[in-house]
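As provided, input_32.pdb (PDB, C-alpha atoms) reads as follows.
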```
ATOM      1  CA  MET W   1      -3.815   0.039 -44.620  1.00  0.00           C
ATOM      2  CA  LYS W   2      -1.110   2.474 -45.590  1.00  0.00           C
ATOM      3  CA  TYR W   3      -2.526   5.026 -43.104  1.00  0.00           C
ATOM      4  CA  LEU W   4      -1.546   2.708 -40.217  1.00  0.00           C
ATOM      5  CA  LEU W   5       2.109   2.458 -41.221  1.00  0.00           C
ATOM      6  CA  PRO W   6       3.439   5.260 -38.967  1.00  0.00           C
ATOM      7  CA  ILE W   7       2.136   3.556 -35.817  1.00  0.00           C
ATOM      8  CA  TRP W   8       4.036   0.376 -36.668  1.00  0.00           C
ATOM      9  CA  GLU W   9       7.176   2.387 -37.412  1.00  0.00           C
ATOM     10  CA  HIS W  10       6.810   4.235 -34.116  1.00  0.00           C
ATOM     11  CA  ARG W  11       6.233   0.992 -32.222  1.00  0.00           C
ATOM     12  CA  ALA W  12       9.336  -0.538 -33.798  1.00  0.00           C
ATOM     13  CA  GLU W  13      11.445   2.458 -32.767  1.00  0.00           C
ATOM     14  CA  ALA W  14       9.816   2.550 -29.338  1.00  0.00           C
ATOM     15  CA  SER W  15      10.473  -1.130 -28.643  1.00  0.00           C
ATOM     16  CA  LYS W  16      14.040  -0.217 -27.670  1.00  0.00           C
ATOM     17  CA  ILE W  17      12.903   2.062 -24.838  1.00  0.00           C
ATOM     18  CA  LYS W  18      13.348   0.805 -21.278  1.00  0.00           C
ATOM     19  CA  VAL W  19      10.616   2.596 -19.343  1.00  0.00           C
ATOM     20  CA  ARG W  20      11.256   3.826 -15.793  1.00  0.00           C
ATOM     21  CA  PHE W  21       8.222   3.205 -13.575  1.00  0.00           C
ATOM     22  CA  CYS W  22       7.454   4.615 -10.149  1.00  0.00           C
ATOM     23  CA  LEU W  23       4.698   3.041  -8.067  1.00  0.00           C
ATOM     24  CA  VAL W  24       2.570   4.759  -5.434  1.00  0.00           C
ATOM     25  CA  VAL W  25       0.293   2.381  -3.542  1.00  0.00           C
ATOM     26  CA  THR W  26      -2.400   4.231  -1.608  1.00  0.00           C
ATOM     27  CA  SER W  27      -3.763   2.148   1.247  1.00  0.00           C
ATOM     28  CA  ASP W  28      -4.599   3.084   4.812  1.00  0.00           C
ATOM     29  CA  SER W  29      -4.694  -0.572   5.896  1.00  0.00           C
ATOM     30  CA  VAL W  30      -1.249  -1.345   4.437  1.00  0.00           C
ATOM     31  CA  VAL W  31       0.233   1.790   6.030  1.00  0.00           C
ATOM     32  CA  ARG W  32      -1.214   0.729   9.409  1.00  0.00           C
ATOM     33  CA  GLY W  33       0.179  -2.795   8.996  1.00  0.00           C
ATOM     34  CA  GLU W  34      -3.258  -4.418   8.977  1.00  0.00           C
ATOM     35  CA  ARG W  35      -2.812  -5.825   5.493  1.00  0.00           C
ATOM     36  CA  ARG W  36       0.147  -6.935   3.421  1.00  0.00           C
ATOM     37  CA  ASP W  37       1.105  -4.985   0.284  1.00  0.00           C
ATOM     38  CA  GLU W  38       0.421  -7.378  -2.579  1.00  0.00           C
ATOM     39  CA  VAL W  39       0.429  -4.725  -5.293  1.00  0.00           C
ATOM     40  CA  THR W  40       4.129  -3.826  -5.206  1.00  0.00           C
ATOM     41  CA  PRO W  41       5.458  -7.376  -5.755  1.00  0.00           C
ATOM     42  CA  LEU W  42       2.894  -8.005  -8.507  1.00  0.00           C
ATOM     43  CA  SER W  43       3.664  -4.704 -10.247  1.00  0.00           C
ATOM     44  CA  ARG W  44       7.416  -5.265  -9.992  1.00  0.00           C
ATOM     45  CA  GLU W  45       7.099  -8.742 -11.506  1.00  0.00           C
ATOM     46  CA  LEU W  46       4.926  -7.585 -14.416  1.00  0.00           C
ATOM     47  CA  ILE W  47       7.027  -4.479 -15.150  1.00  0.00           C
ATOM     48  CA  LEU W  48      10.333  -6.363 -15.052  1.00  0.00           C
ATOM     49  CA  SER W  49       8.948  -9.211 -17.183  1.00  0.00           C
ATOM     50  CA  LYS W  50       8.506  -6.725 -20.038  1.00  0.00           C
ATOM     51  CA  GLY W  51      12.074  -5.410 -19.763  1.00  0.00           C
ATOM     52  CA  HIS W  52      11.252  -2.179 -17.962  1.00  0.00           C
ATOM     53  CA  GLU W  53      12.379  -1.051 -14.516  1.00  0.00           C
ATOM     54  CA  LEU W  54      10.689  -0.115 -11.275  1.00  0.00           C
ATOM     55  CA  VAL W  55      12.869   2.691  -9.931  1.00  0.00           C
ATOM     56  CA  HIS W  56      10.735   3.630  -6.913  1.00  0.00           C
ATOM     57  CA  ALA W  57       7.857   2.133  -4.944  1.00  0.00           C
ATOM     58  CA  THR W  58       6.131   3.510  -1.878  1.00  0.00           C
ATOM     59  CA  VAL W  59       2.954   3.062   0.135  1.00  0.00           C
ATOM     60  CA  VAL W  60       1.075   6.132   1.361  1.00  0.00           C
ATOM     61  CA  PRO W  61      -2.200   6.693   3.203  1.00  0.00           C
ATOM     62  CA  ASN W  62      -5.325   7.891   1.416  1.00  0.00           C
ATOM     63  CA  ASP W  63      -4.461  11.519   2.015  1.00  0.00           C
ATOM     64  CA  GLU W  64      -4.858  13.916  -0.911  1.00  0.00           C
ATOM     65  CA  SER W  65      -1.955  16.220  -0.018  1.00  0.00           C
ATOM     66  CA  LYS W  66       0.441  13.315   0.671  1.00  0.00           C
ATOM     67  CA  ILE W  67      -0.460  11.604  -2.578  1.00  0.00           C
ATOM     68  CA  ARG W  68      -0.003  14.827  -4.580  1.00  0.00           C
ATOM     69  CA  GLU W  69       3.300  15.527  -2.802  1.00  0.00           C
ATOM     70  CA  ILE W  70       4.792  12.092  -3.523  1.00  0.00           C
ATOM     71  CA  VAL W  71       3.567  12.008  -7.124  1.00  0.00           C
ATOM     72  CA  SER W  72       4.985  15.519  -7.694  1.00  0.00           C
ATOM     73  CA  SER W  73       8.345  14.433  -6.270  1.00  0.00           C
ATOM     74  CA  LEU W  74       8.514  11.490  -8.688  1.00  0.00           C
ATOM     75  CA  LEU W  75       7.742  13.322 -11.916  1.00  0.00           C
ATOM     76  CA  ASP W  76      11.395  13.978 -12.770  1.00  0.00           C
ATOM     77  CA  LYS W  77      12.525  10.462 -11.753  1.00  0.00           C
ATOM     78  CA  CYS W  78      10.128   8.361 -13.844  1.00  0.00           C
ATOM     79  CA  ASP W  79       8.623   8.033 -17.270  1.00  0.00           C
ATOM     80  CA  VAL W  80       5.484   6.617 -15.643  1.00  0.00           C
ATOM     81  CA  VAL W  81       3.952   7.062 -12.206  1.00  0.00           C
ATOM     82  CA  LEU W  82       1.429   4.332 -11.453  1.00  0.00           C
ATOM     83  CA  VAL W  83      -0.892   5.187  -8.569  1.00  0.00           C
ATOM     84  CA  THR W  84      -2.964   2.309  -7.242  1.00  0.00           C
ATOM     85  CA  GLY W  85      -5.973   2.663  -4.982  1.00  0.00           C
ATOM     86  CA  GLY W  86      -8.176   5.612  -4.173  1.00  0.00           C
ATOM     87  CA  THR W  87     -10.095   5.645  -7.456  1.00  0.00           C
ATOM     88  CA  GLY W  88     -13.526   4.732  -6.106  1.00  0.00           C
ATOM     89  CA  LEU W  89     -16.398   6.755  -4.746  1.00  0.00           C
ATOM     90  CA  SER W  90     -15.863   6.663  -0.981  1.00  0.00           C
ATOM     91  CA  SER W  91     -14.719   9.685   0.987  1.00  0.00           C
ATOM     92  CA  ARG W  92     -11.252   8.062   1.370  1.00  0.00           C
ATOM     93  CA  ASP W  93     -10.844   7.625  -2.409  1.00  0.00           C
ATOM     94  CA  VAL W  94      -8.838  10.755  -3.201  1.00  0.00           C
ATOM     95  CA  SER W  95      -6.081   9.638  -5.595  1.00  0.00           C
ATOM     96  CA  VAL W  96      -7.777  11.023  -8.695  1.00  0.00           C
ATOM     97  CA  ASP W  97      -8.449  14.326  -6.914  1.00  0.00           C
ATOM     98  CA  ALA W  98      -4.788  14.497  -5.860  1.00  0.00           C
ATOM     99  CA  ILE W  99      -3.492  13.822  -9.363  1.00  0.00           C
ATOM    100  CA  LYS W 100      -5.778  16.008 -11.498  1.00  0.00           C
ATOM    101  CA  PRO W 101      -4.090  19.334 -10.606  1.00  0.00           C
ATOM    102  CA  LEU W 102      -0.778  17.875 -11.834  1.00  0.00           C
ATOM    103  CA  CYS W 103      -2.140  16.970 -15.281  1.00  0.00           C
ATOM    104  CA  THR W 104      -1.148  18.953 -18.342  1.00  0.00           C
ATOM    105  CA  LYS W 105      -2.953  16.631 -20.813  1.00  0.00           C
ATOM    106  CA  GLU W 106      -5.681  14.097 -20.157  1.00  0.00           C
ATOM    107  CA  ILE W 107      -5.596  10.606 -21.654  1.00  0.00           C
ATOM    108  CA  PRO W 108      -9.312   9.754 -21.540  1.00  0.00           C
ATOM    109  CA  GLY W 109      -9.007   6.473 -23.435  1.00  0.00           C
ATOM    110  CA  TYR W 110      -7.271   4.763 -20.524  1.00  0.00           C
ATOM    111  CA  GLY W 111     -10.166   5.217 -18.096  1.00  0.00           C
ATOM    112  CA  GLU W 112     -12.707   4.366 -20.769  1.00  0.00           C
ATOM    113  CA  LEU W 113     -10.912   1.155 -21.746  1.00  0.00           C
ATOM    114  CA  PHE W 114     -10.261   0.173 -18.135  1.00  0.00           C
ATOM    115  CA  ARG W 115     -13.953   0.529 -17.323  1.00  0.00           C
ATOM    116  CA  TYR W 116     -14.886  -1.418 -20.466  1.00  0.00           C
ATOM    117  CA  LEU W 117     -12.569  -4.313 -19.587  1.00  0.00           C
ATOM    118  CA  THR W 118     -13.811  -4.240 -16.001  1.00  0.00           C
ATOM    119  CA  PHE W 119     -17.399  -4.282 -17.252  1.00  0.00           C
ATOM    120  CA  ARG W 120     -16.660  -7.350 -19.365  1.00  0.00           C
ATOM    121  CA  ARG W 121     -15.334  -9.171 -16.272  1.00  0.00           C
ATOM    122  CA  TYR W 122     -17.534  -7.876 -13.453  1.00  0.00           C
ATOM    123  CA  GLY W 123     -20.502  -6.111 -15.000  1.00  0.00           C
ATOM    124  CA  ALA W 124     -21.890  -2.730 -14.043  1.00  0.00           C
ATOM    125  CA  ALA W 125     -19.640  -2.472 -10.972  1.00  0.00           C
ATOM    126  CA  ALA W 126     -17.233  -0.849 -13.453  1.00  0.00           C
ATOM    127  CA  LEU W 127     -19.185   2.371 -12.945  1.00  0.00           C
ATOM    128  CA  ALA W 128     -17.639   2.731  -9.490  1.00  0.00           C
ATOM    129  CA  THR W 129     -14.093   3.365 -10.707  1.00  0.00           C
ATOM    130  CA  ARG W 130     -12.649   6.730 -11.637  1.00  0.00           C
ATOM    131  CA  ALA W 131      -9.516   5.156 -13.162  1.00  0.00           C
ATOM    132  CA  MET W 132      -7.744   7.789 -15.230  1.00  0.00           C
ATOM    133  CA  ALA W 133      -4.506   8.726 -16.938  1.00  0.00           C
ATOM    134  CA  CYS W 134      -2.814  11.944 -17.868  1.00  0.00           C
ATOM    135  CA  LEU W 135       0.451  13.531 -18.832  1.00  0.00           C
ATOM    136  CA  SER W 136       2.261  15.809 -16.418  1.00  0.00           C
ATOM    137  CA  GLY W 137       5.010  17.517 -18.358  1.00  0.00           C
ATOM    138  CA  LYS W 138       6.898  14.537 -19.836  1.00  0.00           C
ATOM    139  CA  THR W 139       5.649  11.965 -17.301  1.00  0.00           C
ATOM    140  CA  LEU W 140       2.658   9.684 -17.761  1.00  0.00           C
ATOM    141  CA  ILE W 141       0.464   9.159 -14.700  1.00  0.00           C
ATOM    142  CA  PHE W 142      -1.969   6.262 -14.421  1.00  0.00           C
ATOM    143  CA  ALA W 143      -4.456   5.876 -11.561  1.00  0.00           C
ATOM    144  CA  THR W 144      -5.984   2.452 -11.176  1.00  0.00           C
ATOM    145  CA  PRO W 145      -7.996   0.719  -8.475  1.00  0.00           C
ATOM    146  CA  GLY W 146      -5.875  -0.917  -5.800  1.00  0.00           C
ATOM    147  CA  SER W 147      -6.962  -4.546  -5.975  1.00  0.00           C
ATOM    148  CA  LYS W 148      -4.489  -7.070  -7.364  1.00  0.00           C
ATOM    149  CA  ASP W 149      -6.965  -7.971 -10.116  1.00  0.00           C
ATOM    150  CA  ALA W 150      -7.374  -4.347 -11.164  1.00  0.00           C
ATOM    151  CA  VAL W 151      -3.625  -3.655 -11.191  1.00  0.00           C
ATOM    152  CA  GLU W 152      -2.956  -6.816 -13.163  1.00  0.00           C
ATOM    153  CA  LEU W 153      -5.701  -5.928 -15.655  1.00  0.00           C
ATOM    154  CA  ALA W 154      -4.391  -2.384 -16.070  1.00  0.00           C
ATOM    155  CA  LEU W 155      -0.771  -3.421 -16.512  1.00  0.00           C
ATOM    156  CA  ASN W 156      -1.277  -6.509 -18.687  1.00  0.00           C
ATOM    157  CA  GLU W 157      -4.097  -5.312 -20.913  1.00  0.00           C
ATOM    158  CA  LEU W 158      -3.521  -1.566 -21.249  1.00  0.00           C
ATOM    159  CA  ILE W 159      -0.336  -0.068 -19.869  1.00  0.00           C
ATOM    160  CA  LEU W 160       2.471  -2.522 -20.638  1.00  0.00           C
ATOM    161  CA  PRO W 161       1.429  -3.409 -24.208  1.00  0.00           C
ATOM    162  CA  GLU W 162       1.548   0.265 -25.231  1.00  0.00           C
ATOM    163  CA  ILE W 163       3.872   1.987 -22.735  1.00  0.00           C
ATOM    164  CA  SER W 164       7.016   2.086 -24.871  1.00  0.00           C
ATOM    165  CA  HIS W 165       5.069   3.675 -27.712  1.00  0.00           C
ATOM    166  CA  LEU W 166       3.442   6.202 -25.368  1.00  0.00           C
ATOM    167  CA  VAL W 167       6.820   7.179 -23.883  1.00  0.00           C
ATOM    168  CA  TYR W 168       8.251   7.438 -27.403  1.00  0.00           C
ATOM    169  CA  GLU W 169       5.458   9.840 -28.370  1.00  0.00           C
ATOM    170  CA  VAL W 170       5.915  11.942 -25.223  1.00  0.00           C
ATOM    171  CA  ARG W 171       9.661  12.275 -25.858  1.00  0.00           C
ATOM    172  CA  LYS W 172       9.198  13.496 -29.471  1.00  0.00           C
TER     173      LYS W 172
END
```

Please render this file's structure as structure tokens.
Amino acid sequence: MKYLLPIWEHRAEASKIKVRFCLVVTSDSVVRGERRDEVTPLSRELILSKGHELVHATVVPNDESKIREIVSSLLDKCDVVLVTGGTGLSSRDVSVDAIKPLCTKEIPGYGELFRYLTFRRYGAAALATRAMACLSGKTLIFATPGSKDAVELALNELILPEISHLVYEVRK
């Protein structure tokens, strides 16, 4: 398995990186005060538990221009922008559409793996998510569904286990 050695070396070097996260929760009902934001406290807890930091968190409505504007404003403040909500198929699900013009490189494996893990838990309903990830300059952007379960799945199973290595690679 000599061909795998560089990844382990990179991961060892990357383990020292403290990743700066920014969180953008997209939710009309939270903005209107009809529902409590449960995603921010959960995300903060999971991010901090792995030794990283949450440097900014905000809640915005499902408005394409507002989402793009806030994500754009965070690109130079964070290593990672996590956008939750707005990844489905309804007319109000516009997060992916807002983010795509900002992408300089796609990371297709994230969406594929997220849908696979969702399929294993919930079945074919996984087809309804457009979860995606990309690179915008030197900042990673992840878009995940907005439910607590989806955010926890994304962070625990995909993002946090590999984020230091991904940031290391982006900085090279």

Tell me, as a PyMOL selection string, which residues lie within 9 Å of segment 43-60 of chain W, counting only C-alpha atoms; anything in the same chain fewer than 4 positions away does not count.
chain W and resi 17-28+30-31+37-39+66-67+70+74+77-78+148+151-152+155-156+160-161

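In this structure, atom CA of Glu64 of chain W sits 9.0 Å away from atom CA of Arg92 of chain W.
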
Name the residues in contact with Ser164 of chain W at a cut-off of 10 Å, using all atoms listed in the file, excluding same-chain residues fewer than 4 positions from it; report them as a PyMOL selection string.
chain W and resi 10-19+52+79+159-160+168-170

So how far away is atom CA of Thr144 of chain W from atom CA of Arg68 of chain W, in Å?
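Atom CA of Arg68 of chain W sits 15.2 Å away from atom CA of Thr144 of chain W.
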
Correct to one decimal, the distance atom CA of Val83 of chain W-atom CA of Ile99 of chain W is 9.1 Å

The PyMOL selection byres ((chain W and resi 146) around 6) - which residues does that actually catch in the file I just gave you? List them as a short mmCIF file (atom, residue, chain, number, x, y, z; two decimals) with C-alpha atoms, in the frame of the given file.
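selection.cif written:
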```
data_model
loop_
_atom_site.label_atom_id
_atom_site.label_comp_id
_atom_site.auth_asym_id
_atom_site.auth_seq_id
_atom_site.Cartn_x
_atom_site.Cartn_y
_atom_site.Cartn_z
CA THR W 84 -2.96 2.31 -7.24
CA GLY W 85 -5.97 2.66 -4.98
CA PRO W 145 -8.00 0.72 -8.48
CA SER W 147 -6.96 -4.55 -5.98
#
```

With all atoms listed in the file as the counted atoms, please give the residues lying no more than 10 Å from Leu113 of chain W, apart from itself and same-chain residues fewer than 3 positions off, as a ChimeraX atom specification.
/W:108-110,116-119,131-132,154,157-158

With C-alpha atoms retained, write the just-selected residues as a PDB file, keeping the file's coordinate frame.
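Listed below is the output, part.pdb:
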```pdb
ATOM      1  CA  PRO W 108      -9.312   9.754 -21.540  1.00  0.00           C
ATOM      2  CA  GLY W 109      -9.007   6.473 -23.435  1.00  0.00           C
ATOM      3  CA  TYR W 110      -7.271   4.763 -20.524  1.00  0.00           C
ATOM      4  CA  TYR W 116     -14.886  -1.418 -20.466  1.00  0.00           C
ATOM      5  CA  LEU W 117     -12.569  -4.313 -19.587  1.00  0.00           C
ATOM      6  CA  THR W 118     -13.811  -4.240 -16.001  1.00  0.00           C
ATOM      7  CA  PHE W 119     -17.399  -4.282 -17.252  1.00  0.00           C
ATOM      8  CA  ALA W 131      -9.516   5.156 -13.162  1.00  0.00           C
ATOM      9  CA  MET W 132      -7.744   7.789 -15.230  1.00  0.00           C
ATOM     10  CA  ALA W 154      -4.391  -2.384 -16.070  1.00  0.00           C
ATOM     11  CA  GLU W 157      -4.097  -5.312 -20.913  1.00  0.00           C
ATOM     12  CA  LEU W 158      -3.521  -1.566 -21.249  1.00  0.00           C
TER      13      LEU W 158
END
```

Can you work out which one of W:Asp63, W:Glu9, W:Glu112, W:Asp76 has the shortest atom-to-atom distance to Arg130 of chain W, counting all atoms listed in the file?
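The answer is W:Glu112, which sits nearest to Arg130 of chain W.
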
Nearby residues, (1.8, 15.2, -21.0) file frame, 6 Å, all atoms listed in the file, as a ChimeraX atom specification:
/W:104-105,135-138

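Nearest to Leu166 of chain W of all the residues W:Asp97, W:Glu69, W:Ile7, W:Ala126 is W:Ile7, counting all atoms listed in the file.
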
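Closest approach to Glu106 of chain W among W:Leu127, W:Leu82, W:Leu140, W:Leu75 is made by W:Leu140 (distances from only C-alpha atoms).
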
Considering all atoms listed in the file, state which residue in the set W:Arg36, W:Ala128, W:Val94, W:Val81 is at the smallest distance from Phe114 of chain W.
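Residue with the minimum atom-to-atom distance to Phe114 of chain W: W:Ala128.
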
Padding 5 Å on every side, please: axis-aligned box over the listed atoms of segment 45-55 of chain W, centre and edge lengths to one decimal in Å, as AutoDock Vina command-line options.
```
--center_x 8.9 --center_y -3.3 --center_z -15.0 --size_x 17.9 --size_y 21.9 --size_z 20.1
```

In terms of the shortest atom-to-atom distance over only C-alpha atoms, which of W:His165, W:Arg32, W:Arg121, W:Lys172 is closest to Ala150 of chain W?
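Between W:His165, W:Arg32, W:Arg121, W:Lys172, the residue approaching Ala150 of chain W most closely is W:Arg121.
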